[in-house]
file model34.csv (CSV, C-alpha atoms and all ligand atoms)
chain,number,residue,atom,x,y,z
A,8,MET,CA,0.0,0.0,0.0
A,9,THR,CA,2.9,2.3,0.7
A,10,ASP,CA,4.5,0.9,-2.4
A,11,LEU,CA,1.5,2.1,-4.4
A,12,ALA,CA,1.8,5.6,-2.9
A,13,GLN,CA,5.5,5.6,-3.6
A,14,ALA,CA,4.9,4.6,-7.2
A,15,VAL,CA,2.3,7.4,-7.6
A,16,MET,CA,4.9,9.9,-6.3
A,17,GLU,CA,7.5,8.6,-8.7
A,18,ARG,CA,5.1,8.7,-11.6
A,19,CYS,CA,4.2,12.3,-10.8
A,20,ASP,CA,7.9,13.1,-11.0
A,21,LEU,CA,8.1,11.3,-14.3
A,22,LEU,CA,5.1,13.1,-15.8
A,23,ALA,CA,6.7,16.4,-14.6
A,24,THR,CA,9.5,15.7,-17.1
A,25,CYS,CA,6.9,15.8,-19.9
A,26,SER,CA,7.0,19.5,-20.6
A,27,GLU,CA,7.4,21.8,-23.5
A,28,ASP,CA,9.5,24.3,-21.4
A,29,PRO,CA,12.9,23.0,-20.2
A,30,GLY,CA,13.3,23.3,-16.5
A,31,ARG,CA,9.6,23.9,-15.7
A,32,ILE,CA,6.3,22.1,-16.2
A,33,THR,CA,4.1,23.3,-19.1
A,34,ARG,CA,2.0,20.6,-20.7
A,35,PRO,CA,-0.6,22.0,-23.1
A,36,PHE,CA,-3.4,20.3,-25.0
A,37,ALA,CA,-2.3,18.1,-27.9
A,38,SER,CA,1.4,18.9,-27.5
A,39,ASP,CA,4.4,16.7,-27.8
A,40,ALA,CA,4.8,16.9,-24.0
A,41,MET,CA,1.2,15.6,-23.7
A,42,ARG,CA,2.0,12.8,-26.1
A,43,ARG,CA,4.9,11.7,-23.9
A,44,ALA,CA,2.8,11.9,-20.8
A,45,GLN,CA,0.1,9.9,-22.4
A,46,ASN,CA,2.6,7.2,-23.5
A,47,TYR,CA,3.5,6.7,-19.8
A,48,VAL,CA,-0.1,6.8,-18.6
A,49,HIS,CA,-1.2,4.4,-21.3
A,50,GLU,CA,1.4,1.8,-20.2
A,51,TRP,CA,0.4,2.2,-16.5
A,52,MET,CA,-3.2,1.7,-17.3
A,53,ARG,CA,-2.4,-1.4,-19.3
A,54,ARG,CA,-0.3,-2.8,-16.5
A,55,ALA,CA,-3.2,-2.3,-14.1
A,56,GLY,CA,-5.3,-4.6,-16.3
A,57,MET,CA,-7.2,-1.9,-18.3
A,58,GLN,CA,-8.1,-1.8,-21.9
A,59,VAL,CA,-6.9,1.6,-23.1
A,60,ARG,CA,-8.0,3.8,-25.9
A,61,ARG,CA,-7.6,7.4,-26.9
A,62,ASP,CA,-10.8,9.2,-28.0
A,63,SER,CA,-11.3,11.7,-30.8
A,64,ILE,CA,-10.5,14.8,-28.8
A,65,GLY,CA,-7.4,13.1,-27.3
A,66,ASN,CA,-8.5,11.9,-23.8
A,67,LEU,CA,-7.0,8.7,-22.6
A,68,ARG,CA,-9.6,6.2,-21.3
A,69,GLY,CA,-8.8,3.0,-19.5
A,70,ARG,CA,-11.5,0.4,-18.7
A,71,TYR,CA,-11.2,-2.3,-16.1
A,72,GLU,CA,-14.1,-4.7,-16.6
A,73,GLY,CA,-16.4,-5.7,-13.8
A,74,ALA,CA,-18.8,-8.5,-13.3
A,75,GLY,CA,-21.8,-6.4,-14.3
A,76,PRO,CA,-22.6,-3.9,-17.1
A,77,SER,CA,-22.6,-0.7,-15.1
A,78,ALA,CA,-19.5,1.6,-14.8
A,79,LEU,CA,-18.0,4.1,-12.4
A,80,LEU,CA,-15.9,6.9,-13.9
A,81,ILE,CA,-12.8,8.1,-12.0
A,82,GLY,CA,-10.5,10.7,-13.5
A,83,SER,CA,-8.8,14.1,-13.6
A,84,HIS,CA,-6.7,16.0,-16.2
A,85,LEU,CA,-3.1,15.6,-17.5
A,86,ASP,CA,-2.7,19.1,-19.0
A,87,SER,CA,-1.2,21.9,-17.0
A,88,VAL,CA,-0.9,25.7,-16.7
A,89,ARG,CA,2.4,27.4,-17.6
A,90,ASP,CA,5.1,26.8,-15.0
A,91,ALA,CA,2.8,24.4,-13.1
A,92,GLY,CA,3.3,22.1,-10.2
A,93,LYS,CA,3.4,18.3,-10.4
A,94,TYR,CA,0.1,17.3,-8.8
A,95,ASP,CA,-2.8,19.5,-10.0
A,96,GLY,CA,-4.5,16.9,-12.3
A,97,PRO,CA,-2.0,14.1,-12.7
A,98,LEU,CA,-2.4,13.1,-9.0
A,99,GLY,CA,-6.1,12.2,-9.5
A,100,VAL,CA,-5.3,10.1,-12.6
A,101,LEU,CA,-2.5,8.3,-10.9
A,102,VAL,CA,-4.4,7.6,-7.7
A,103,ALA,CA,-7.3,6.2,-9.8
A,104,ILE,CA,-4.8,3.9,-11.6
A,105,ALA,CA,-3.3,2.8,-8.3
A,106,ALA,CA,-6.7,1.8,-6.9
A,107,VAL,CA,-7.4,-0.3,-10.1
A,108,GLN,CA,-3.9,-1.7,-9.8
A,109,ARG,CA,-4.7,-2.9,-6.4
A,110,LEU,CA,-7.8,-4.8,-7.7
A,111,HIS,CA,-5.8,-6.2,-10.6
A,112,ASP,CA,-3.0,-7.4,-8.3
A,113,ALA,CA,-5.5,-9.2,-6.1
A,114,ASN,CA,-7.2,-10.6,-9.2
A,115,ARG,CA,-10.5,-9.0,-8.2
A,116,ARG,CA,-13.4,-7.9,-10.3
A,117,LEU,CA,-16.0,-5.5,-8.8
A,118,PRO,CA,-19.7,-5.9,-9.7
A,119,PHE,CA,-19.2,-2.8,-12.0
A,120,ALA,CA,-16.5,-1.7,-14.5
A,121,ILE,CA,-14.2,1.2,-13.7
A,122,GLU,CA,-13.3,3.7,-16.4
A,123,VAL,CA,-10.2,5.8,-15.6
A,124,LEU,CA,-10.3,9.1,-17.5
A,125,ALA,CA,-7.2,11.1,-18.2
A,126,PHE,CA,-8.6,14.3,-19.6
A,127,ALA,CA,-6.5,16.0,-22.4
A,128,ASP,CA,-7.4,19.6,-21.4
A,129,GLU,CA,-8.9,21.2,-18.3
A,130,GLU,CA,-6.8,24.3,-17.8
A,131,GLY,CA,-7.3,25.7,-21.3
A,132,LEU,CA,-3.7,26.9,-21.6
A,133,ARG,CA,-3.5,26.5,-25.4
A,134,TYR,CA,-7.0,27.6,-26.5
A,135,GLY,CA,-8.5,29.4,-23.5
A,136,SER,CA,-11.2,26.8,-23.5
A,137,THR,CA,-11.7,25.3,-20.1
A,138,TYR,CA,-12.9,21.7,-19.4
A,139,LEU,CA,-12.4,20.7,-23.1
A,140,GLY,CA,-11.7,17.0,-22.3
A,141,SER,CA,-14.6,16.5,-20.1
A,142,ARG,CA,-16.9,18.6,-22.3
A,143,ALA,CA,-16.1,16.0,-25.1
A,144,LEU,CA,-17.5,13.3,-22.8
A,145,ALA,CA,-20.6,15.4,-22.1
A,146,GLY,CA,-21.1,16.1,-25.8
A,147,GLN,CA,-20.5,19.8,-25.3
A,148,VAL,CA,-17.7,20.5,-27.7
A,149,GLU,CA,-18.9,22.7,-30.6
A,150,ALA,CA,-17.8,23.8,-34.0
A,151,ARG,CA,-16.7,27.2,-32.7
A,152,ASP,CA,-14.4,25.4,-30.2
A,153,LEU,CA,-12.7,23.5,-33.0
A,154,ALA,CA,-12.2,26.8,-34.9
A,155,LEU,CA,-10.3,28.5,-32.0
A,156,THR,CA,-6.7,29.2,-32.8
A,157,ASP,CA,-3.6,29.1,-30.5
A,158,ALA,CA,-0.8,31.7,-30.3
A,159,ASP,CA,0.7,30.2,-33.5
A,160,GLY,CA,-2.5,30.4,-35.4
A,161,ILE,CA,-3.1,26.6,-35.3
A,162,THR,CA,-6.7,25.7,-35.1
A,163,MET,CA,-7.9,23.3,-32.5
A,164,ALA,CA,-9.2,21.0,-35.3
A,165,SER,CA,-5.7,20.8,-36.8
A,166,ALA,CA,-4.0,20.3,-33.4
A,167,ILE,CA,-6.4,17.4,-32.7
A,168,GLU,CA,-5.5,15.9,-36.1
A,169,SER,CA,-1.8,16.2,-35.6
A,170,PHE,CA,-2.2,14.6,-32.2
A,171,GLY,CA,-3.8,11.6,-33.9
A,172,GLY,CA,-7.4,12.4,-33.1
A,173,ASP,CA,-10.3,13.1,-35.4
A,174,PRO,CA,-12.1,16.5,-35.1
A,175,ALA,CA,-14.9,15.4,-37.2
A,176,ARG,CA,-15.8,12.6,-34.8
A,177,VAL,CA,-15.6,14.5,-31.5
A,178,ALA,CA,-19.3,14.2,-31.1
A,179,ASN,CA,-18.8,10.5,-30.8
A,180,ASP,CA,-16.7,11.0,-27.7
A,181,ARG,CA,-20.0,11.6,-25.8
A,182,ARG,CA,-20.3,9.0,-23.1
A,183,PRO,CA,-23.8,7.6,-22.8
A,184,SER,CA,-24.9,7.9,-19.2
A,185,ASP,CA,-27.5,5.1,-18.8
A,186,ASP,CA,-24.9,2.6,-17.4
A,187,LEU,CA,-23.1,5.1,-15.1
A,188,LEU,CA,-22.9,4.9,-11.3
A,189,GLY,CA,-21.2,8.3,-11.1
A,190,TYR,CA,-17.9,10.2,-11.5
A,191,CYS,CA,-15.3,10.5,-8.8
A,192,GLU,CA,-12.3,12.8,-8.9
A,193,VAL,CA,-9.3,13.0,-6.6
A,194,HIS,CA,-7.5,16.4,-6.6
A,195,ILE,CA,-5.2,18.4,-4.5
A,196,GLU,CA,-7.1,20.8,-2.3
A,197,GLN,CA,-5.5,24.1,-3.7
A,198,GLY,CA,-6.5,25.7,-0.4
A,199,PRO,CA,-5.3,25.7,3.2
A,200,ILE,CA,-8.1,24.1,5.2
A,201,LEU,CA,-6.9,20.5,5.4
A,202,GLU,CA,-3.4,21.6,6.4
A,203,ALA,CA,-4.8,23.9,9.1
A,204,ARG,CA,-6.9,21.0,10.5
A,205,GLY,CA,-4.2,18.5,10.2
A,206,LEU,CA,-6.1,16.1,7.9
A,207,PRO,CA,-4.8,14.2,4.9
A,208,VAL,CA,-8.0,14.2,2.9
A,209,GLY,CA,-11.4,15.9,2.7
A,210,ILE,CA,-14.7,15.3,1.1
A,211,VAL,CA,-16.0,17.9,-1.3
A,212,SER,CA,-19.6,18.8,-0.7
A,213,ALA,CA,-20.0,21.4,-3.5
A,214,ILE,CA,-18.0,23.3,-6.2
A,215,ALA,CA,-18.7,27.0,-5.8
A,216,GLY,CA,-20.6,28.9,-8.5
A,217,GLN,CA,-18.9,31.8,-10.1
A,218,SER,CA,-20.0,35.1,-11.5
A,219,ARG,CA,-17.7,37.3,-13.5
A,220,PHE,CA,-18.3,40.9,-14.5
A,221,GLU,CA,-16.5,43.7,-16.2
A,222,ILE,CA,-17.2,47.1,-14.7
A,223,ALA,CA,-16.2,50.4,-16.3
A,224,PHE,CA,-16.3,53.9,-14.7
A,225,SER,CA,-16.1,56.8,-17.1
A,226,GLY,CA,-15.4,60.3,-15.8
A,227,GLU,CA,-13.2,63.0,-17.3
A,228,ALA,CA,-9.5,63.1,-17.9
A,229,GLY,CA,-7.8,66.3,-16.9
A,230,HIS,CA,-4.5,68.0,-15.9
A,231,ALA,CA,-3.3,66.7,-12.5
A,232,GLY,CA,-1.9,70.1,-11.7
A,233,THR,CA,-4.7,72.5,-12.7
A,234,VAL,CA,-8.1,70.8,-12.0
A,235,PRO,CA,-9.1,71.5,-8.4
A,236,MET,CA,-10.1,68.5,-6.3
A,237,ASP,CA,-13.8,69.5,-6.1
A,238,ARG,CA,-14.1,69.7,-9.9
A,239,ARG,CA,-12.7,66.3,-10.6
A,240,ARG,CA,-14.5,63.3,-12.1
A,241,ASP,CA,-11.9,60.7,-11.3
A,242,ALA,CA,-12.7,57.2,-12.5
A,243,LEU,CA,-10.0,55.5,-10.6
A,244,THR,CA,-10.9,56.8,-7.2
A,245,ALA,CA,-14.4,55.5,-7.8
A,246,ALA,CA,-13.0,52.1,-8.8
A,247,ALA,CA,-10.8,52.1,-5.6
A,248,GLU,CA,-14.0,52.5,-3.5
A,249,ILE,CA,-15.5,49.4,-5.2
A,250,VAL,CA,-12.3,47.4,-4.8
A,251,LEU,CA,-12.4,48.0,-1.1
A,252,ALA,CA,-16.2,47.4,-0.9
A,253,VAL,CA,-15.7,44.0,-2.6
A,254,GLU,CA,-13.2,43.0,0.0
A,255,ALA,CA,-15.4,44.2,2.8
A,256,MET,CA,-18.5,42.5,1.5
A,257,ALA,CA,-16.7,39.2,1.0
A,258,ALA,CA,-15.6,39.2,4.6
A,259,THR,CA,-19.2,39.3,5.9
A,260,GLN,CA,-20.1,35.8,4.8
A,261,GLU,CA,-18.7,32.4,5.4
A,262,GLY,CA,-17.5,30.7,2.2
A,263,LEU,CA,-17.9,33.9,0.1
A,264,VAL,CA,-14.9,35.0,-1.9
A,265,ALA,CA,-14.8,38.1,-4.2
A,266,THR,CA,-11.9,39.5,-6.1
A,267,VAL,CA,-10.9,42.4,-8.4
A,268,GLY,CA,-8.0,40.8,-10.3
A,269,LYS,CA,-7.6,43.2,-13.2
A,270,LEU,CA,-7.8,47.0,-13.4
A,271,GLU,CA,-6.9,49.2,-16.3
A,272,VAL,CA,-6.7,53.0,-16.1
A,273,GLU,CA,-6.9,55.4,-19.0
A,274,PRO,CA,-5.2,57.4,-20.2
A,275,GLY,CA,-2.7,56.0,-17.6
A,276,ALA,CA,-0.2,58.8,-17.1
A,277,ALA,CA,1.2,60.2,-13.8
A,278,ASN,CA,0.1,63.8,-14.6
A,279,VAL,CA,-3.4,63.0,-15.9
A,280,ILE,CA,-6.6,62.5,-13.8
A,281,PRO,CA,-7.9,59.0,-14.8
A,282,GLY,CA,-10.9,59.4,-17.2
A,283,ARG,CA,-11.7,55.8,-17.4
A,284,ALA,CA,-11.2,52.7,-15.1
A,285,VAL,CA,-12.2,49.2,-16.2
A,286,PHE,CA,-11.9,46.3,-13.8
A,287,SER,CA,-13.0,42.7,-13.3
A,288,LEU,CA,-15.1,41.3,-10.5
A,289,ASP,CA,-15.2,37.6,-9.6
A,290,VAL,CA,-17.7,36.4,-7.0
A,291,ARG,CA,-17.9,32.8,-5.8
A,292,HIS,CA,-20.1,30.9,-3.3
A,293,ALA,CA,-21.5,27.4,-3.0
A,294,ASP,CA,-25.0,28.8,-2.7
A,295,ASP,CA,-26.2,30.4,-6.0
A,296,ASN,CA,-28.7,32.7,-4.2
A,297,VAL,CA,-25.9,34.1,-2.0
A,298,ARG,CA,-23.7,34.6,-5.0
A,299,ALA,CA,-26.5,36.4,-7.0
A,300,ARG,CA,-27.4,38.6,-4.0
A,301,VAL,CA,-23.8,39.6,-3.3
A,302,ALA,CA,-23.1,40.4,-7.0
A,303,GLU,CA,-26.3,42.5,-7.2
A,304,ALA,CA,-25.4,44.4,-4.1
A,305,LEU,CA,-21.9,45.2,-5.4
A,306,LEU,CA,-23.3,46.4,-8.8
A,307,ALA,CA,-25.8,48.6,-6.9
A,308,ARG,CA,-22.9,50.0,-4.9
A,309,ALA,CA,-21.0,50.8,-8.2
A,310,ARG,CA,-24.1,52.6,-9.5
A,311,GLU,CA,-24.4,54.6,-6.2
A,312,THR,CA,-20.7,55.5,-6.4
A,313,ALA,CA,-21.1,56.6,-10.0
A,314,ARG,CA,-24.1,58.9,-9.1
A,315,ARG,CA,-22.3,60.4,-6.1
A,316,ARG,CA,-19.1,61.1,-8.1
A,317,LYS,CA,-20.9,62.2,-11.3
A,318,LEU,CA,-19.5,59.4,-13.4
A,319,SER,CA,-21.1,57.0,-15.7
A,320,VAL,CA,-20.8,53.2,-15.1
A,321,GLU,CA,-21.4,50.2,-17.3
A,322,ALA,CA,-21.4,46.7,-15.9
A,323,ARG,CA,-21.2,43.7,-18.2
A,324,ALA,CA,-21.8,40.1,-17.1
A,325,VAL,CA,-18.9,38.1,-18.5
A,326,SER,CA,-19.9,34.6,-17.2
A,327,SER,CA,-22.1,32.9,-14.7
A,328,ASN,CA,-21.6,29.3,-13.7
A,329,PRO,CA,-24.0,27.7,-11.1
A,330,ALA,CA,-22.6,25.8,-8.2
A,331,VAL,CA,-22.4,22.1,-8.5
A,332,ARG,CA,-23.5,20.0,-5.5
A,333,CYS,CA,-21.7,16.7,-5.1
A,334,ALA,CA,-24.3,13.9,-4.9
A,335,PRO,CA,-25.2,13.1,-1.3
A,336,ARG,CA,-25.0,9.4,-2.1
A,337,LEU,CA,-21.3,9.7,-3.1
A,338,VAL,CA,-20.5,12.2,-0.3
A,339,ASN,CA,-21.9,9.6,2.1
A,340,LEU,CA,-19.9,6.7,0.6
A,341,LEU,CA,-16.7,8.8,0.6
A,342,THR,CA,-17.4,9.8,4.3
A,343,GLN,CA,-17.8,6.2,5.2
A,344,ALA,CA,-14.6,5.3,3.3
A,345,VAL,CA,-12.7,8.0,5.1
A,346,LYS,CA,-13.9,6.7,8.5
A,347,GLU,CA,-13.1,3.1,7.7
A,348,CYS,CA,-9.5,4.3,6.9
A,349,ARG,CA,-9.4,5.7,10.4
A,350,GLN,CA,-9.4,9.3,9.4
A,351,GLN,CA,-11.7,12.1,10.5
A,352,PRO,CA,-14.2,13.0,7.7
A,353,VAL,CA,-14.4,16.7,6.9
A,354,GLN,CA,-16.5,18.4,4.2
A,355,LEU,CA,-15.1,21.2,2.1
A,356,THR,CA,-16.4,23.5,-0.7
A,357,SER,CA,-14.2,23.8,-3.7
A,358,GLY,CA,-13.6,27.4,-4.8
A,359,ALA,CA,-11.8,26.2,-7.9
A,360,GLY,CA,-13.6,24.6,-10.9
A,361,HIS,CA,-12.9,21.0,-11.9
A,362,ASP,CA,-13.8,18.5,-14.6
A,363,ALA,CA,-16.5,17.3,-12.1
A,364,VAL,CA,-18.4,20.5,-12.9
A,365,VAL,CA,-18.9,19.3,-16.5
A,366,MET,CA,-19.3,15.6,-15.6
A,367,SER,CA,-22.2,16.6,-13.4
A,368,SER,CA,-24.3,17.1,-16.6
A,369,LEU,CA,-23.8,13.3,-17.3
A,370,THR,CA,-23.9,11.7,-13.9
A,371,ASP,CA,-23.6,12.1,-10.1
A,372,VAL,CA,-20.2,13.5,-9.0
A,373,GLY,CA,-18.1,13.2,-5.9
A,374,MET,CA,-14.6,14.6,-5.1
A,375,LEU,CA,-11.9,13.8,-2.6
A,376,PHE,CA,-9.3,16.5,-1.8
A,377,VAL,CA,-5.8,15.7,-0.8
A,378,ARG,CA,-3.9,18.1,1.5
A,379,CYS,CA,-1.3,20.2,-0.2
A,380,LYS,CA,1.5,22.2,1.4
A,381,GLY,CA,0.5,25.8,2.1
A,382,GLY,CA,-2.6,25.3,-0.1
A,383,VAL,CA,-0.3,26.3,-3.0
A,384,SER,CA,-1.3,25.3,-6.6
A,385,HIS,CA,-0.6,26.4,-10.2
A,386,ASN,CA,2.9,26.9,-9.0
A,387,PRO,CA,6.1,24.7,-9.0
A,388,ALA,CA,6.0,24.7,-5.2
A,389,GLU,CA,2.9,22.4,-5.2
A,390,SER,CA,3.7,19.6,-2.7
A,391,VAL,CA,1.9,16.6,-1.3
A,392,THR,CA,3.3,13.8,1.0
A,393,THR,CA,3.6,10.1,0.2
A,394,ALA,CA,1.6,9.3,3.3
A,395,ASP,CA,-1.3,11.5,2.3
A,396,VAL,CA,-1.3,10.0,-1.2
A,397,GLY,CA,-1.4,6.6,0.5
A,398,VAL,CA,-4.5,7.6,2.5
A,399,ALA,CA,-6.1,8.9,-0.8
A,400,ILE,CA,-5.5,5.5,-2.5
A,401,ASP,CA,-6.9,3.6,0.6
A,402,VAL,CA,-10.0,5.8,0.7
A,403,LEU,CA,-10.7,5.5,-3.0
A,404,SER,CA,-10.2,1.7,-2.7
A,405,ARG,CA,-12.7,1.5,0.2
A,406,PHE,CA,-15.1,3.8,-1.7
A,407,LEU,CA,-15.0,1.3,-4.6
A,408,ASP,CA,-15.8,-1.6,-2.3
A,409,LEU,CA,-18.7,0.3,-0.7
A,410,MET,CA,-20.2,1.4,-4.0
A,411,PRO,CA,-23.5,-0.4,-4.4
A,412,GLN,CA,-24.3,-1.8,-7.9
A,413,LYS,CA,-26.9,0.1,-9.9
K,1,ZN,ZN,-6.8,20.7,-11.7
call {"tool": "encode", "arguments": {"input": "model34.csv", "output": "structure tokens"}}
result
Amino acid sequence: MTDLAQAVMERCDLLATCSEDPGRITRPFASDAMRRAQNYVHEWMRRAGMQVRRDSIGNLRGRYEGAGPSALLIGSHLDSVRDAGKYDGPLGVLVAIAAVQRLHDANRRLPFAIEVLAFADEEGLRYGSTYLGSRALAGQVEARDLALTDADGITMASAIESFGGDPARVANDRRPSDDLLGYCEVHIEQGPILEARGLPVGIVSAIAGQSRFEIAFSGEAGHAGTVPMDRRRDALTAAAEIVLAVEAMAATQEGLVATVGKLEVEPGAANVIPGRAVFSLDVRHADDNVRARVAEALLARARETARRRKLSVEARAVSSNPAVRCAPRLVNLLTQAVKECRQQPVQLTSGAGHDAVVMSSLTDVGMLFVRCKGGVSHNPAESVTTADVGVAIDVLSRFLDLMPQK
């Protein structure tokens, strides 16, 4: 059991060498680095007794047959952001393979099949299209996705082709859902809660919904030396009020996070009063009503600020993704599995999105988080311990044993 955890750690190290940037981890969709990573993962799936195939978009899918016709999906993604860590994505794929390896080594078949999914793209580094791999399974990849171009002008369709896939058949990647028992994903926490509580793993209860807006204040640019303070219509000071209001508002509610991550000032000179300020607003909460109410309150605050400061304001909704509840059935099974592994079960909300968001359109989803050092992710400093990985493999194995057949 420790051997399996040790193997997962070594495999994470090996996948980290599959990169298009020397000296750091960058593994985009349909890249040569991805091909090398998939060659390893293909072999590891095969050795764990799985039949392996690559689908049209480029996901790797391994299937370990069971005694009955139904199937449980377990997976995560193999692609990365630029200058990534070793564990965001690959850990979930490798823990899934380890759990299957354990069954295979014991010559065991469960009443259902297990399909391990190694998604080809979740982060969207190359095409800015998040969840691409899981969207293919959900039948949500559209012609306009395939027409997207990367920084070198290569369309997604031709990238899929050179990777050995078939853009014309991506619709066939859709996974029918009538035989599915659910989808489970193991992932690093990307937050500090498990570390603070001294726990190796946690059970995800929901993935937070997310609203994004672009807000623009327009006032009047003017000379920084000659326009008196009471005559100014400064767009940036108005934006500054809202940035602080966003922070204050987020602090009033448990589980609420709100961020202004981008701010552009025009004309942007030291001796000119800002005439225009455009900024982003990102609001997340596990309860869609709370998220909607907070977003509306912040937009109302922006309108009030504009009136008081004699500015105009425009707010544009950029995106809105509802929260995804993990299925209580799977949350309960994971909770029982954690207890049977002599760990304290704790439930967490995921602030980050995951493939499970898309997979929830196909079937019930559940997620298990693994403690990561300092809560750091999307960073080469990502770190997990072999012992915690061992617990994750044990919990996933118990979960498989507890899963009732459909
Ligand atoms: Zn991830």
call {"tool": "closest_residue", "arguments": {"input": "model34.csv", "among": "A:Met366, A:Val267, A:Val338, A:Val353", "to": "A:Leu139", "atoms": "only C-alpha atoms"}}
result
A:Met366
call {"tool": "closest_residue", "arguments": {"input": "model34.csv", "among": "A:Leu79, A:Ala12, A:Arg315, A:Asp295", "to": "A:Pro411", "atoms": "all atoms listed in the file"}}
result
A:Leu79
call {"tool": "closest_residue", "arguments": {"input": "model34.csv", "among": "A:Gly56, A:Gly172, A:Pro235, A:Gly360", "to": "ligand ZN 1 (chain K)", "atoms": "only C-alpha atoms and all ligand atoms"}}
result
A:Gly360
call {"tool": "closest_residue", "arguments": {"input": "model34.csv", "among": "A:Ala37, A:Tyr71, A:Glu311, A:Leu251", "to": "A:Arg115", "atoms": "all atoms listed in the file"}}
result
A:Tyr71
call {"tool": "residues_around", "arguments": {"input": "model34.csv", "residues": "stretch 91-108 of chain A", "least_positions_apart": "3", "cutoff": "8 Å", "atoms": "all atoms listed in the file", "output": "PDB file with C-alpha atoms, in the coordinates of the input"}}
result
ATOM      1  CA  LEU A  11       1.500   2.100  -4.400  1.00  0.00           C
ATOM      2  CA  ALA A  12       1.800   5.600  -2.900  1.00  0.00           C
ATOM      3  CA  VAL A  15       2.300   7.400  -7.600  1.00  0.00           C
ATOM      4  CA  ARG A  18       5.100   8.700 -11.600  1.00  0.00           C
ATOM      5  CA  CYS A  19       4.200  12.300 -10.800  1.00  0.00           C
ATOM      6  CA  ASP A  20       7.900  13.100 -11.000  1.00  0.00           C
ATOM      7  CA  LEU A  22       5.100  13.100 -15.800  1.00  0.00           C
ATOM      8  CA  ALA A  23       6.700  16.400 -14.600  1.00  0.00           C
ATOM      9  CA  ARG A  31       9.600  23.900 -15.700  1.00  0.00           C
ATOM     10  CA  ILE A  32       6.300  22.100 -16.200  1.00  0.00           C
ATOM     11  CA  THR A  33       4.100  23.300 -19.100  1.00  0.00           C
ATOM     12  CA  TRP A  51       0.400   2.200 -16.500  1.00  0.00           C
ATOM     13  CA  MET A  52      -3.200   1.700 -17.300  1.00  0.00           C
ATOM     14  CA  ARG A  54      -0.300  -2.800 -16.500  1.00  0.00           C
ATOM     15  CA  ALA A  55      -3.200  -2.300 -14.100  1.00  0.00           C
ATOM     16  CA  GLY A  56      -5.300  -4.600 -16.300  1.00  0.00           C
ATOM     17  CA  TYR A  71     -11.200  -2.300 -16.100  1.00  0.00           C
ATOM     18  CA  ILE A  81     -12.800   8.100 -12.000  1.00  0.00           C
ATOM     19  CA  GLY A  82     -10.500  10.700 -13.500  1.00  0.00           C
ATOM     20  CA  SER A  83      -8.800  14.100 -13.600  1.00  0.00           C
ATOM     21  CA  HIS A  84      -6.700  16.000 -16.200  1.00  0.00           C
ATOM     22  CA  LEU A  85      -3.100  15.600 -17.500  1.00  0.00           C
ATOM     23  CA  ASP A  86      -2.700  19.100 -19.000  1.00  0.00           C
ATOM     24  CA  SER A  87      -1.200  21.900 -17.000  1.00  0.00           C
ATOM     25  CA  VAL A  88      -0.900  25.700 -16.700  1.00  0.00           C
ATOM     26  CA  HIS A 111      -5.800  -6.200 -10.600  1.00  0.00           C
ATOM     27  CA  ASP A 112      -3.000  -7.400  -8.300  1.00  0.00           C
ATOM     28  CA  ILE A 121     -14.200   1.200 -13.700  1.00  0.00           C
ATOM     29  CA  VAL A 123     -10.200   5.800 -15.600  1.00  0.00           C
ATOM     30  CA  LEU A 124     -10.300   9.100 -17.500  1.00  0.00           C
ATOM     31  CA  ALA A 125      -7.200  11.100 -18.200  1.00  0.00           C
ATOM     32  CA  GLU A 192     -12.300  12.800  -8.900  1.00  0.00           C
ATOM     33  CA  VAL A 193      -9.300  13.000  -6.600  1.00  0.00           C
ATOM     34  CA  HIS A 194      -7.500  16.400  -6.600  1.00  0.00           C
ATOM     35  CA  ILE A 195      -5.200  18.400  -4.500  1.00  0.00           C
ATOM     36  CA  SER A 384      -1.300  25.300  -6.600  1.00  0.00           C
ATOM     37  CA  HIS A 385      -0.600  26.400 -10.200  1.00  0.00           C
ATOM     38  CA  ASN A 386       2.900  26.900  -9.000  1.00  0.00           C
ATOM     39  CA  PRO A 387       6.100  24.700  -9.000  1.00  0.00           C
ATOM     40  CA  ALA A 388       6.000  24.700  -5.200  1.00  0.00           C
ATOM     41  CA  GLU A 389       2.900  22.400  -5.200  1.00  0.00           C
ATOM     42  CA  SER A 390       3.700  19.600  -2.700  1.00  0.00           C
ATOM     43  CA  VAL A 391       1.900  16.600  -1.300  1.00  0.00           C
ATOM     44  CA  VAL A 396      -1.300  10.000  -1.200  1.00  0.00           C
ATOM     45  CA  ALA A 399      -6.100   8.900  -0.800  1.00  0.00           C
ATOM     46  CA  ILE A 400      -5.500   5.500  -2.500  1.00  0.00           C
ATOM     47  CA  ASP A 401      -6.900   3.600   0.600  1.00  0.00           C
ATOM     48  CA  LEU A 403     -10.700   5.500  -3.000  1.00  0.00           C
ATOM     49  CA  SER A 404     -10.200   1.700  -2.700  1.00  0.00           C
TER      50      SER A 404
END
call {"tool": "atom_distance", "arguments": {"input": "model34.csv", "atom1": "atom CA of A:Val364", "atom2": "atom CA of A:Val383"}}
result
21.4 Å
call {"tool": "atom_distance", "arguments": {"input": "model34.csv", "atom1": "atom CA of A:Met57", "atom2": "atom CA of A:Ala44"}}
result
17.2 Å
call {"tool": "atom_distance", "arguments": {"input": "model34.csv", "atom1": "atom CA of A:Leu355", "atom2": "atom CA of A:Thr266"}}
result
20.3 Å
call {"tool": "closest_residue", "arguments": {"input": "model34.csv", "among": "A:Arg332, A:Thr370, A:Ala309, A:Ala277", "to": "A:Arg182", "atoms": "only C-alpha atoms"}}
result
A:Thr370
call {"tool": "closest_residue", "arguments": {"input": "model34.csv", "among": "A:Ile64, A:Ala324, A:Leu341, A:Ala113", "to": "A:Ser165", "atoms": "only C-alpha atoms"}}
result
A:Ile64
